[in-house]
>>> print(open('start.cif').read())   # mmCIF, C-alpha atoms and all ligand atoms
data_final
loop_
_atom_site.label_atom_id
_atom_site.label_comp_id
_atom_site.auth_asym_id
_atom_site.auth_seq_id
_atom_site.Cartn_x
_atom_site.Cartn_y
_atom_site.Cartn_z
CA MET O 1168 0.00 0.00 0.00
CA PRO O 1169 2.70 2.58 0.84
CA VAL O 1170 4.19 1.85 -2.57
CA LEU O 1171 0.94 2.76 -4.22
CA VAL O 1172 0.63 5.98 -2.25
CA LEU O 1173 4.17 6.95 -3.18
CA PHE O 1174 3.49 6.24 -6.82
CA ILE O 1175 0.39 8.38 -6.90
CA LYS O 1176 2.21 11.19 -5.15
CA ILE O 1177 5.11 11.17 -7.60
CA TRP O 1178 2.71 10.94 -10.48
CA TYR O 1179 0.73 13.85 -9.14
CA ASN O 1180 3.73 16.11 -8.60
CA ASP O 1181 5.37 15.34 -11.90
CA ALA O 1182 2.58 15.11 -14.31
CA VAL O 1183 -0.81 16.29 -13.21
CA MET O 1184 0.16 19.93 -13.07
CA LYS O 1185 0.67 19.99 -16.80
CA VAL O 1186 -2.62 18.45 -17.88
CA SER O 1187 -5.68 20.45 -18.77
CA ARG O 1188 -8.25 21.59 -16.29
CA ARG O 1189 -10.76 19.25 -17.88
CA THR O 1190 -8.53 16.25 -17.39
CA LEU O 1191 -7.88 17.26 -13.81
CA LEU O 1192 -11.60 17.54 -13.30
CA LYS O 1193 -12.11 14.07 -14.65
CA MET O 1194 -9.32 12.67 -12.54
CA SER O 1195 -10.56 14.36 -9.39
CA GLY O 1196 -13.73 12.40 -10.05
CA LEU O 1197 -11.87 9.10 -9.72
CA GLY O 1198 -12.59 8.99 -6.00
CA ILE O 1199 -16.24 9.35 -6.82
CA ALA O 1200 -15.95 6.55 -9.36
CA THR O 1201 -14.79 4.23 -6.60
CA ILE O 1202 -17.83 5.08 -4.55
CA SER O 1203 -20.13 4.58 -7.51
CA MET O 1204 -18.83 1.02 -7.88
CA LEU O 1205 -20.64 0.13 -4.66
CA PRO O 1206 -24.00 -1.54 -5.29
CA ARG O 1207 -26.55 1.11 -6.08
CA VAL O 1208 -29.82 1.15 -4.20
CA ALA O 1209 -32.08 2.06 -7.07
CA PHE O 1210 -35.71 1.62 -7.93
CA ALA O 1211 -35.90 -0.78 -10.84
CA GLY O 1212 -36.31 1.10 -14.08
CA ARG O 1213 -36.32 4.47 -12.37
CA ASN O 1214 -34.01 7.13 -13.66
CA SER O 1215 -32.15 9.56 -11.43
CA VAL O 1216 -30.14 12.69 -12.00
CA LEU O 1217 -26.54 12.13 -10.90
CA SER O 1218 -25.01 15.52 -11.58
CA MET O 1219 -25.63 18.82 -13.34
CA ARG O 1220 -23.07 21.25 -14.66
CA THR O 1221 -22.62 24.21 -17.00
CA GLY O 1222 -19.70 25.45 -19.05
CA VAL O 1223 -18.80 27.92 -21.79
CA GLN O 1224 -18.25 26.61 -25.29
CA PRO O 1225 -16.38 28.29 -28.16
CA GLY O 1226 -18.42 31.18 -29.56
CA GLY O 1227 -19.78 31.94 -26.08
CA LYS O 1228 -22.30 29.11 -26.17
CA THR O 1229 -23.65 27.92 -22.84
CA ARG O 1230 -23.54 24.17 -22.30
CA LEU O 1231 -25.80 22.52 -19.74
CA VAL O 1232 -25.08 18.87 -18.92
CA ILE O 1233 -27.49 16.69 -16.97
CA GLU O 1234 -26.02 13.28 -16.10
CA THR O 1235 -28.54 10.51 -15.50
CA SER O 1236 -28.33 6.84 -14.51
CA LEU O 1237 -30.53 5.69 -17.43
CA ARG O 1238 -31.13 7.10 -20.91
CA PRO O 1239 -33.20 10.23 -20.26
CA SER O 1240 -36.67 10.80 -21.65
CA TYR O 1241 -37.32 14.54 -21.65
CA ASP O 1242 -39.40 17.54 -22.75
CA ILE O 1243 -38.05 21.07 -22.86
CA SER O 1244 -40.10 24.21 -22.33
CA TYR O 1245 -39.13 27.87 -22.41
CA PRO O 1246 -40.87 30.08 -19.83
CA GLN O 1247 -39.66 33.71 -19.58
CA ASN O 1248 -35.91 33.71 -18.85
CA GLN O 1249 -35.96 30.03 -18.02
CA LEU O 1250 -35.24 26.68 -19.57
CA VAL O 1251 -37.21 23.80 -18.05
CA ILE O 1252 -36.14 20.24 -18.76
CA SER O 1253 -38.85 17.84 -17.65
CA LEU O 1254 -37.50 14.31 -17.17
CA SER O 1255 -39.98 11.46 -16.96
CA ASN O 1256 -39.79 8.81 -14.23
CA THR O 1257 -36.77 10.50 -12.65
CA ALA O 1258 -35.60 11.20 -9.09
CA ALA O 1259 -33.88 14.44 -8.11
CA CYS O 1260 -30.13 14.91 -7.76
CA SER O 1261 -28.64 15.17 -4.29
CA VAL O 1262 -25.44 16.86 -5.48
CA SER O 1263 -25.40 20.63 -6.02
CA PRO O 1264 -25.05 21.74 -9.65
CA LYS O 1265 -21.61 22.98 -10.73
CA LEU O 1266 -22.13 26.34 -12.39
CA SER O 1267 -19.35 27.94 -14.44
CA GLY O 1268 -19.03 31.72 -14.72
CA GLY O 1269 -19.80 33.41 -18.05
CA THR O 1270 -22.77 31.25 -19.02
CA LEU O 1271 -26.43 32.22 -19.43
CA VAL O 1272 -27.40 29.97 -16.50
CA LYS O 1273 -27.66 31.84 -13.19
CA ASN O 1274 -29.15 29.09 -11.08
CA ILE O 1275 -30.50 25.54 -11.38
CA SER O 1276 -33.27 24.15 -9.21
CA GLN O 1277 -35.20 20.88 -9.21
CA VAL O 1278 -38.95 20.47 -8.78
CA GLN O 1279 -40.33 16.96 -8.29
CA ASN O 1280 -43.76 16.71 -9.85
CA GLY O 1281 -45.04 13.18 -9.23
CA ASP O 1282 -42.90 10.87 -11.34
CA ARG O 1283 -41.47 13.76 -13.33
CA LEU O 1284 -38.51 15.85 -12.32
CA ASN O 1285 -38.35 19.39 -13.65
CA VAL O 1286 -34.86 20.80 -13.88
CA VAL O 1287 -35.33 24.57 -13.94
CA ALA O 1288 -32.45 26.69 -15.24
CA ASP O 1289 -32.81 30.41 -14.47
CA LEU O 1290 -31.23 32.36 -17.31
CA SER O 1291 -29.88 35.87 -17.70
CA GLY O 1292 -32.04 36.21 -20.86
CA THR O 1293 -34.42 34.30 -23.07
CA VAL O 1294 -33.37 31.49 -25.39
CA ALA O 1295 -34.97 30.45 -28.65
CA PRO O 1296 -36.37 26.88 -28.68
CA LEU O 1297 -33.45 24.51 -29.17
CA GLU O 1298 -33.02 22.70 -32.46
CA SER O 1299 -32.16 19.01 -32.48
CA SER O 1300 -28.55 19.85 -33.40
CA GLN O 1301 -28.26 21.66 -30.05
CA ILE O 1302 -29.32 18.63 -28.03
CA MET O 1303 -27.26 15.47 -27.55
CA VAL O 1304 -27.74 12.36 -25.46
CA LEU O 1305 -24.36 10.75 -24.81
CA SER O 1306 -24.02 7.12 -23.78
CA PRO O 1307 -22.01 6.12 -20.70
CA ASN O 1308 -18.23 6.07 -21.04
CA GLY O 1309 -15.51 5.94 -18.40
CA ASP O 1310 -16.66 7.80 -15.32
CA ASN O 1311 -19.80 9.27 -16.88
CA GLU O 1312 -23.25 7.79 -17.11
CA TYR O 1313 -25.83 9.03 -19.67
CA ARG O 1314 -25.62 12.76 -20.34
CA LEU O 1315 -28.23 15.07 -21.77
CA VAL O 1316 -26.22 17.93 -23.27
CA LEU O 1317 -27.86 21.23 -24.28
CA ASP O 1318 -25.98 24.01 -26.09
CA PHE O 1319 -27.52 27.45 -26.47
CA VAL O 1320 -26.96 31.17 -26.83
CA GLY O 1321 -29.15 34.15 -25.92
CA GLY O 1322 -32.44 34.54 -27.83
CA VAL O 1323 -33.40 37.21 -30.35
CA ALA O 1324 -36.28 38.99 -28.54
CA SER O 1325 -35.43 42.65 -28.00
CA THR O 1326 -35.66 42.73 -24.22
CA LYS O 1327 -33.03 44.15 -21.93
CA GLY O 1328 -32.08 40.70 -20.65
CA THR O 1329 -31.54 39.40 -24.15
CA ALA O 1330 -29.28 42.28 -25.08
CA SER O 1331 -26.84 41.27 -22.35
CA ALA O 1332 -27.17 37.63 -23.34
CA ALA O 1333 -26.34 38.48 -26.94
CA ALA O 1334 -23.29 40.38 -25.75
CA THR O 1335 -22.20 37.25 -23.88
CA SER O 1336 -22.60 35.11 -26.97
CA ASN O 1337 -20.09 37.21 -28.91
CA THR O 1338 -17.37 36.75 -26.34
CA VAL O 1339 -15.03 33.81 -26.62
CA ALA O 1340 -14.22 33.01 -23.01
CA LYS O 1341 -10.94 31.26 -23.74
CA LYS O 1342 -8.87 30.45 -26.79
CA TYR O 1343 -8.79 26.70 -27.05
CA VAL O 1344 -5.64 25.28 -28.56
CA VAL O 1345 -5.88 22.72 -31.35
CA VAL O 1346 -2.76 21.09 -32.77
CA ILE O 1347 -3.27 19.80 -36.31
CA ASP O 1348 -0.89 17.09 -37.44
CA ALA O 1349 -0.51 16.46 -41.16
CA GLY O 1350 0.73 12.86 -41.27
CA HIS O 1351 3.99 11.78 -42.93
CA GLY O 1352 6.12 14.29 -44.92
CA GLY O 1353 9.57 14.58 -46.47
CA LYS O 1354 11.14 11.19 -47.16
CA ASP O 1355 7.96 9.49 -45.97
CA PRO O 1356 5.18 9.98 -48.57
CA GLY O 1357 2.59 7.89 -46.71
CA CYS O 1358 0.40 5.93 -49.07
CA ILE O 1359 0.27 6.72 -52.77
CA GLY O 1360 -2.79 6.49 -55.02
CA LYS O 1361 -2.79 4.84 -58.44
CA GLY O 1362 -2.87 8.31 -59.99
CA GLY O 1363 0.26 9.23 -58.04
CA THR O 1364 -1.42 11.30 -55.30
CA LYS O 1365 0.66 11.22 -52.14
CA GLU O 1366 -0.90 11.06 -48.68
CA LYS O 1367 1.62 13.59 -47.29
CA THR O 1368 0.48 16.20 -49.85
CA VAL O 1369 -3.26 15.71 -49.40
CA VAL O 1370 -3.16 15.82 -45.61
CA LEU O 1371 -0.92 18.92 -45.53
CA SER O 1372 -3.35 20.74 -47.79
CA VAL O 1373 -6.33 19.75 -45.60
CA ALA O 1374 -4.39 20.64 -42.43
CA LYS O 1375 -3.64 24.16 -43.72
CA LYS O 1376 -7.27 24.74 -44.72
CA LEU O 1377 -8.44 23.45 -41.34
CA LYS O 1378 -6.04 25.75 -39.50
CA LYS O 1379 -7.33 28.76 -41.44
CA GLU O 1380 -10.97 27.95 -40.67
CA LEU O 1381 -10.44 27.21 -36.97
CA ASP O 1382 -8.33 30.37 -36.51
CA SER O 1383 -11.09 32.42 -38.13
CA ILE O 1384 -13.64 31.31 -35.52
CA GLY O 1385 -11.48 31.98 -32.49
CA PHE O 1386 -9.38 28.85 -31.91
CA LYS O 1387 -5.62 28.99 -31.53
CA THR O 1388 -4.14 26.38 -33.83
CA TYR O 1389 -0.67 25.05 -34.57
CA LEU O 1390 0.47 22.74 -37.36
CA THR O 1391 3.04 20.06 -36.51
CA ARG O 1392 4.47 20.67 -39.99
CA SER O 1393 3.67 23.43 -42.46
CA ASN O 1394 5.78 22.12 -45.32
CA ASP O 1395 7.07 18.89 -46.81
CA THR O 1396 9.36 17.83 -43.97
CA PHE O 1397 9.81 14.57 -42.11
CA LEU O 1398 8.83 14.56 -38.45
CA LYS O 1399 9.09 11.69 -36.00
CA LEU O 1400 5.88 10.55 -34.36
CA ALA O 1401 7.11 11.34 -30.86
CA ASP O 1402 7.95 14.89 -31.99
CA ARG O 1403 4.41 15.38 -33.24
CA ALA O 1404 2.98 14.29 -29.89
CA GLU O 1405 5.50 16.48 -28.12
CA ILE O 1406 4.40 19.56 -30.08
CA ALA O 1407 0.88 19.00 -28.73
CA GLU O 1408 2.28 18.78 -25.20
CA LYS O 1409 4.46 21.87 -25.54
CA ARG O 1410 1.62 23.94 -26.98
CA HIS O 1411 -0.64 22.82 -24.11
CA ALA O 1412 -3.15 21.69 -26.70
CA ASP O 1413 -6.74 21.00 -25.73
CA LEU O 1414 -7.19 18.78 -28.77
CA PHE O 1415 -4.85 16.96 -31.16
CA LEU O 1416 -5.95 15.97 -34.66
CA SER O 1417 -3.75 13.74 -36.79
CA LEU O 1418 -4.81 13.71 -40.45
CA HIS O 1419 -4.11 10.77 -42.74
CA ALA O 1420 -5.42 9.03 -45.83
CA ASN O 1421 -5.69 5.30 -46.13
CA ALA O 1422 -4.88 2.56 -48.62
CA ASN O 1423 -6.36 -0.89 -48.98
CA PRO O 1424 -5.31 -3.81 -51.20
CA SER O 1425 -8.93 -3.94 -52.33
CA ARG O 1426 -9.38 -0.95 -54.65
CA ALA O 1427 -13.12 -0.99 -53.99
CA THR O 1428 -12.66 -0.16 -50.31
CA LYS O 1429 -13.45 3.46 -49.54
CA GLY O 1430 -14.55 5.84 -46.82
CA TYR O 1431 -13.22 7.81 -43.88
CA SER O 1432 -12.55 6.32 -40.44
CA VAL O 1433 -11.77 7.81 -37.01
CA TYR O 1434 -9.35 6.22 -34.55
CA THR O 1435 -8.49 6.78 -30.93
CA LEU O 1436 -5.57 5.36 -28.98
CA SER O 1437 -5.87 1.98 -27.37
CA GLU O 1438 -3.20 -0.57 -26.57
CA LYS O 1439 -5.51 -3.21 -27.93
CA ALA O 1440 -6.74 -2.73 -31.48
CA SER O 1441 -10.50 -2.90 -32.00
CA ASP O 1442 -10.08 -5.18 -35.02
CA GLU O 1443 -7.44 -6.69 -37.24
CA GLU O 1444 -7.70 -3.94 -39.83
CA ALA O 1445 -7.15 -1.28 -37.17
CA GLN O 1446 -4.10 -3.17 -35.88
CA LYS O 1447 -2.62 -3.39 -39.38
CA LEU O 1448 -3.25 0.28 -39.95
CA ALA O 1449 -1.52 1.24 -36.69
CA GLU O 1450 1.46 -0.90 -37.70
CA THR O 1451 1.62 0.87 -41.07
CA GLU O 1452 1.29 4.35 -39.56
CA ASN O 1453 3.76 3.55 -36.78
CA ALA O 1454 6.22 2.04 -39.23
CA VAL O 1455 7.21 5.51 -40.43
CA ASP O 1456 9.32 5.86 -37.35
CA LYS O 1457 11.45 2.93 -38.42
CA ILE O 1458 12.75 5.31 -41.07
CA GLY O 1459 14.08 7.59 -38.36
CA VAL O 1460 14.78 4.69 -35.96
CA THR O 1461 13.27 6.15 -32.85
CA GLY O 1462 11.19 4.70 -30.09
CA PHE O 1463 9.23 5.85 -27.14
CA SER O 1464 12.43 6.37 -25.18
CA GLU O 1465 12.56 9.64 -27.08
CA PHE O 1466 9.59 10.98 -25.13
CA SER O 1467 10.63 13.26 -22.32
CA LYS O 1468 10.50 11.79 -18.83
CA GLU O 1469 7.45 13.84 -17.92
CA ILE O 1470 5.45 12.47 -20.78
CA ARG O 1471 6.40 8.89 -19.98
CA VAL O 1472 5.41 9.42 -16.36
CA ALA O 1473 2.23 11.09 -17.46
CA LEU O 1474 1.24 8.08 -19.49
CA SER O 1475 0.06 6.32 -16.40
CA ALA O 1476 -3.00 4.17 -16.59
CA LEU O 1477 -5.05 6.63 -14.60
CA GLN O 1478 -4.35 9.53 -16.83
CA GLN O 1479 -4.72 7.49 -19.98
CA ARG O 1480 -8.22 6.70 -18.89
CA ALA O 1481 -9.15 10.37 -18.61
CA VAL O 1482 -7.53 11.20 -21.95
CA ALA O 1483 -9.15 8.19 -23.60
CA GLU O 1484 -12.57 9.24 -22.44
CA LEU O 1485 -12.22 12.76 -23.84
CA SER O 1486 -10.76 11.40 -27.09
CA GLU O 1487 -13.71 9.09 -27.42
CA GLU O 1488 -16.08 12.04 -27.01
CA TYR O 1489 -14.29 13.96 -29.74
CA ALA O 1490 -14.15 10.93 -32.04
CA SER O 1491 -17.90 10.45 -31.84
CA ASP O 1492 -18.44 14.17 -32.60
CA CYS O 1493 -16.12 13.78 -35.57
CA ALA O 1494 -17.81 10.68 -36.98
CA ARG O 1495 -21.23 12.30 -36.59
CA ALA O 1496 -20.09 15.46 -38.40
CA MET O 1497 -18.59 13.44 -41.27
CA ASP O 1498 -21.79 11.36 -41.55
CA ASN O 1499 -23.93 14.50 -41.49
CA ALA O 1500 -21.82 15.93 -44.32
CA SER O 1501 -22.56 12.73 -46.32
CA ILE O 1502 -18.90 11.79 -46.50
CA ASP O 1503 -18.54 8.07 -47.20
CA ARG O 1504 -17.64 6.03 -44.17
CA LEU O 1505 -15.56 2.86 -44.19
CA PRO O 1506 -18.13 0.13 -43.41
CA GLY O 1507 -18.02 -1.04 -39.82
CA PRO O 1508 -17.87 0.79 -36.50
CA SER O 1509 -17.80 4.60 -36.60
CA ILE O 1510 -14.89 4.76 -34.14
CA ARG O 1511 -12.01 2.28 -34.05
CA HIS O 1512 -9.10 1.88 -31.68
CA ALA O 1513 -5.47 1.02 -32.22
CA PRO O 1514 -2.05 1.67 -30.69
CA PHE O 1515 -1.04 4.70 -32.77
CA ALA O 1516 2.26 6.12 -31.52
CA VAL O 1517 1.34 9.66 -32.55
CA LEU O 1518 -1.63 9.66 -30.16
CA ARG O 1519 0.47 8.72 -27.13
CA SER O 1520 0.32 11.93 -25.12
CA THR O 1521 -1.66 13.65 -22.40
CA VAL O 1522 -3.69 15.54 -25.02
CA PRO O 1523 -7.07 14.13 -26.05
CA GLY O 1524 -7.31 13.59 -29.77
CA ALA O 1525 -8.00 11.36 -32.71
CA LEU O 1526 -6.41 10.13 -35.89
CA ILE O 1527 -8.66 10.73 -38.88
CA GLU O 1528 -8.21 8.70 -42.04
CA LEU O 1529 -9.90 11.09 -44.47
CA GLY O 1530 -10.52 8.49 -47.16
CA HIS O 1531 -8.80 5.88 -49.33
CA LEU O 1532 -6.18 6.92 -51.88
CA SER O 1533 -6.27 3.33 -53.13
CA ASN O 1534 -9.81 3.91 -54.39
CA ALA O 1535 -9.73 5.70 -57.74
CA ASN O 1536 -12.80 7.82 -57.05
CA GLU O 1537 -11.70 8.84 -53.58
CA GLU O 1538 -8.22 9.64 -54.84
CA LYS O 1539 -9.83 12.13 -57.24
CA LEU O 1540 -11.98 13.55 -54.43
CA LEU O 1541 -9.11 13.84 -51.96
CA LYS O 1542 -7.10 15.88 -54.47
CA SER O 1543 -9.95 18.29 -55.16
CA ASP O 1544 -10.35 21.58 -53.33
CA ALA O 1545 -14.11 21.11 -53.15
CA HIS O 1546 -13.87 17.80 -51.30
CA GLN O 1547 -11.04 19.00 -49.08
CA ASN O 1548 -13.23 21.97 -48.09
CA LYS O 1549 -16.11 19.60 -47.38
CA LEU O 1550 -13.88 17.55 -45.06
CA VAL O 1551 -12.65 20.74 -43.38
CA ARG O 1552 -16.19 21.98 -42.79
CA ALA O 1553 -17.14 18.66 -41.16
CA ILE O 1554 -14.05 18.65 -38.93
CA VAL O 1555 -14.63 22.30 -37.94
CA LYS O 1556 -18.16 21.35 -36.94
CA SER O 1557 -16.88 18.47 -34.82
CA VAL O 1558 -14.34 20.72 -33.08
CA LYS O 1559 -17.07 23.29 -32.36
CA ASN O 1560 -19.27 20.53 -30.94
CA TYR O 1561 -16.52 19.07 -28.79
CA ASN O 1562 -17.02 19.74 -25.13
CA PHE O 1563 -13.81 21.65 -24.31
CA ASP O 1564 -14.79 22.89 -20.91
CA VAL O 1565 -17.16 20.61 -19.06
ZN ZN J 1 -0.92 7.86 -42.78
#
>>> encode(input="start.cif", output="structure tokens")
Amino acid sequence: MPVLVLFIKIWYNDAVMKVSRRTLLKMSGLGIATISMLPRVAFAGRNSVLSMRTGVQPGGKTRLVIETSLRPSYDISYPQNQLVISLSNTAACSVSPKLSGGTLVKNISQVQNGDRLNVVADLSGTVAPLESSQIMVLSPNGDNEYRLVLDFVGGVASTKGTASAAATSNTVAKKYVVVIDAGHGGKDPGCIGKGGTKEKTVVLSVAKKLKKELDSIGFKTYLTRSNDTFLKLADRAEIAEKRHADLFLSLHANANPSRATKGYSVYTLSEKASDEEAQKLAETENAVDKIGVTGFSEFSKEIRVALSALQQRAVAELSEEYASDCARAMDNASIDRLPGPSIRHAPFAVLRSTVPGALIELGHLSNANEEKLLKSDAHQNKLVRAIVKSVKNYNFDV
């Protein structure tokens, strides 16, 4: 036991200070996770609210998250300067809501009405009825149970309250840092299409376009490479660490021996690959480093220490959230998806860091049609728009 305590202490001193506030928040919840592993005394089939929190999203959006033990069934109504979420067959939450500054939500109260629980958010202005794109129900992952997530800004009615809400919505509370990694480069072309299109060229072009778009809406972005140079995988991960990135996106294009295979795919880091294809892909992407002959010993000591199981869990959970936002945005943009699961997992070296992120295979250069698309400005812009949407949807602060 003393060994364990010592380990946690060293790990805390060395590594935790450099991870994001969100990750810290998640990790501080680990104690709670232990408690929640005790048998729950619950009424069969009855839902309960476990936690409620607010946060500011890019563009000054307010995010309200209601965590529930079962998938929530809800109605939303909009009384003057309020948002009321009525949850059916649900018991109230015993934990106080966590309210962030700078949001439209001033206070949250709960009113039990028979079987229904009304969660009443008092707002600093009115909000327009939410569209379906502003409401998400997330499935349990890691420490979280089901979450009903609502994103909104101040309404358009010309009342005094709304004017101040509108002012809030134009303020970006914090510049979130996104590191965009164009895969391969220099002596490593990545995969090459039949028409001669090189992966390194396509992904650099998409990375530059993505940087421009994200910068224009208030993110702070960095490219791991802005020209045709070779970079080791560990160096790419290290750039994300040094820039204190909130999100890391590694862009790639795929190849498959079957020329008919096409579609994008999104990957997060896992020591165990989700399927054989994912494992093969990770081996191919990781193989680039054999050119430079480097290994993980090249990571700085802090990063190696930081890659503890505990922290990996927090990073994995956030990465998973982003990856599902990304897959949804690509699907919504009608970009072909590689058949199979929307998110896959594999041990990609470039994703080994304390920064949540994903590796996106934008499409298959081995497929003649997709090779043509991937070269075209129009399709690259379409991919960029989808990724921008996913970054905007990603929950940076809660
Ligand atoms: Zn690649």
>>> closest_residue(input="start.cif", among="O:Leu1305, O:Val1344, O:Ala1427, O:Ala1288", to="Ser1533 in chain O", atoms="all atoms listed in the file")
O:Ala1427
>>> atom_distance(input="start.cif", atom1="CA of Arg1504 in chain O", atom2="CA of Leu1390 in chain O")
25.6 Å
>>> atom_distance(input="start.cif", atom1="CA of Asp1348 in chain O", atom2="CA of Ala1496 in chain O")
19.3 Å
>>> residues_near_ligand(input="start.cif", ligand="ligand ZN 1 (chain J)", cutoff="12 Å", atoms="only C-alpha atoms and all ligand atoms", output="VMD selection string")
chain O and resid 1348 to 1352 1355 to 1359 1365 to 1371 1400 1417 to 1422 1432 1434 1447 to 1456 1515 to 1517 1526 to 1532
>>> residues_around(input="start.cif", residues="Tyr1241 in chain O", least_positions_apart="5", cutoff="7 Å", atoms="all atoms listed in the file", output="PyMOL selection string")
chain O and resi 1252-1255
>>> closest_residue(input="start.cif", among="O:Ile1347, O:Pro1239, O:Lys1342, O:Ala1494", to="Ile1384 in chain O", atoms="all atoms listed in the file")
O:Lys1342
>>> closest_residue(input="start.cif", among="O:Gly1222, O:Val1216, O:Lys1265, O:Gln1279", to="Asn1311 in chain O", atoms="all atoms listed in the file")
O:Val1216
>>> atom_distance(input="start.cif", atom1="CA of Val1320 in chain O", atom2="CA of Ile1302 in chain O")
12.8 Å
>>> closest_residue(input="start.cif", among="O:Ser1267, O:Ala1500, O:Thr1364, O:Arg1552", to="Leu1540 in chain O", atoms="only C-alpha atoms")
O:Thr1364
>>> closest_residue(input="start.cif", among="O:Glu1312, O:Ala1295, O:Pro1514, O:Glu1487", to="Glu1438 in chain O", atoms="only C-alpha atoms")
O:Pro1514
>>> closest_residue(input="start.cif", among="O:Val1251, O:Ile1275, O:Val1294, O:Val1346", to="Lys1375 in chain O", atoms="only C-alpha atoms")
O:Val1346
>>> residues_near_point(input="start.cif", point="(-16.9, 14.0, -36.8)", cutoff="9 Å", atoms="only C-alpha atoms", output="ChimeraX atom specification")
/O:1433,1489-1499,1553-1558
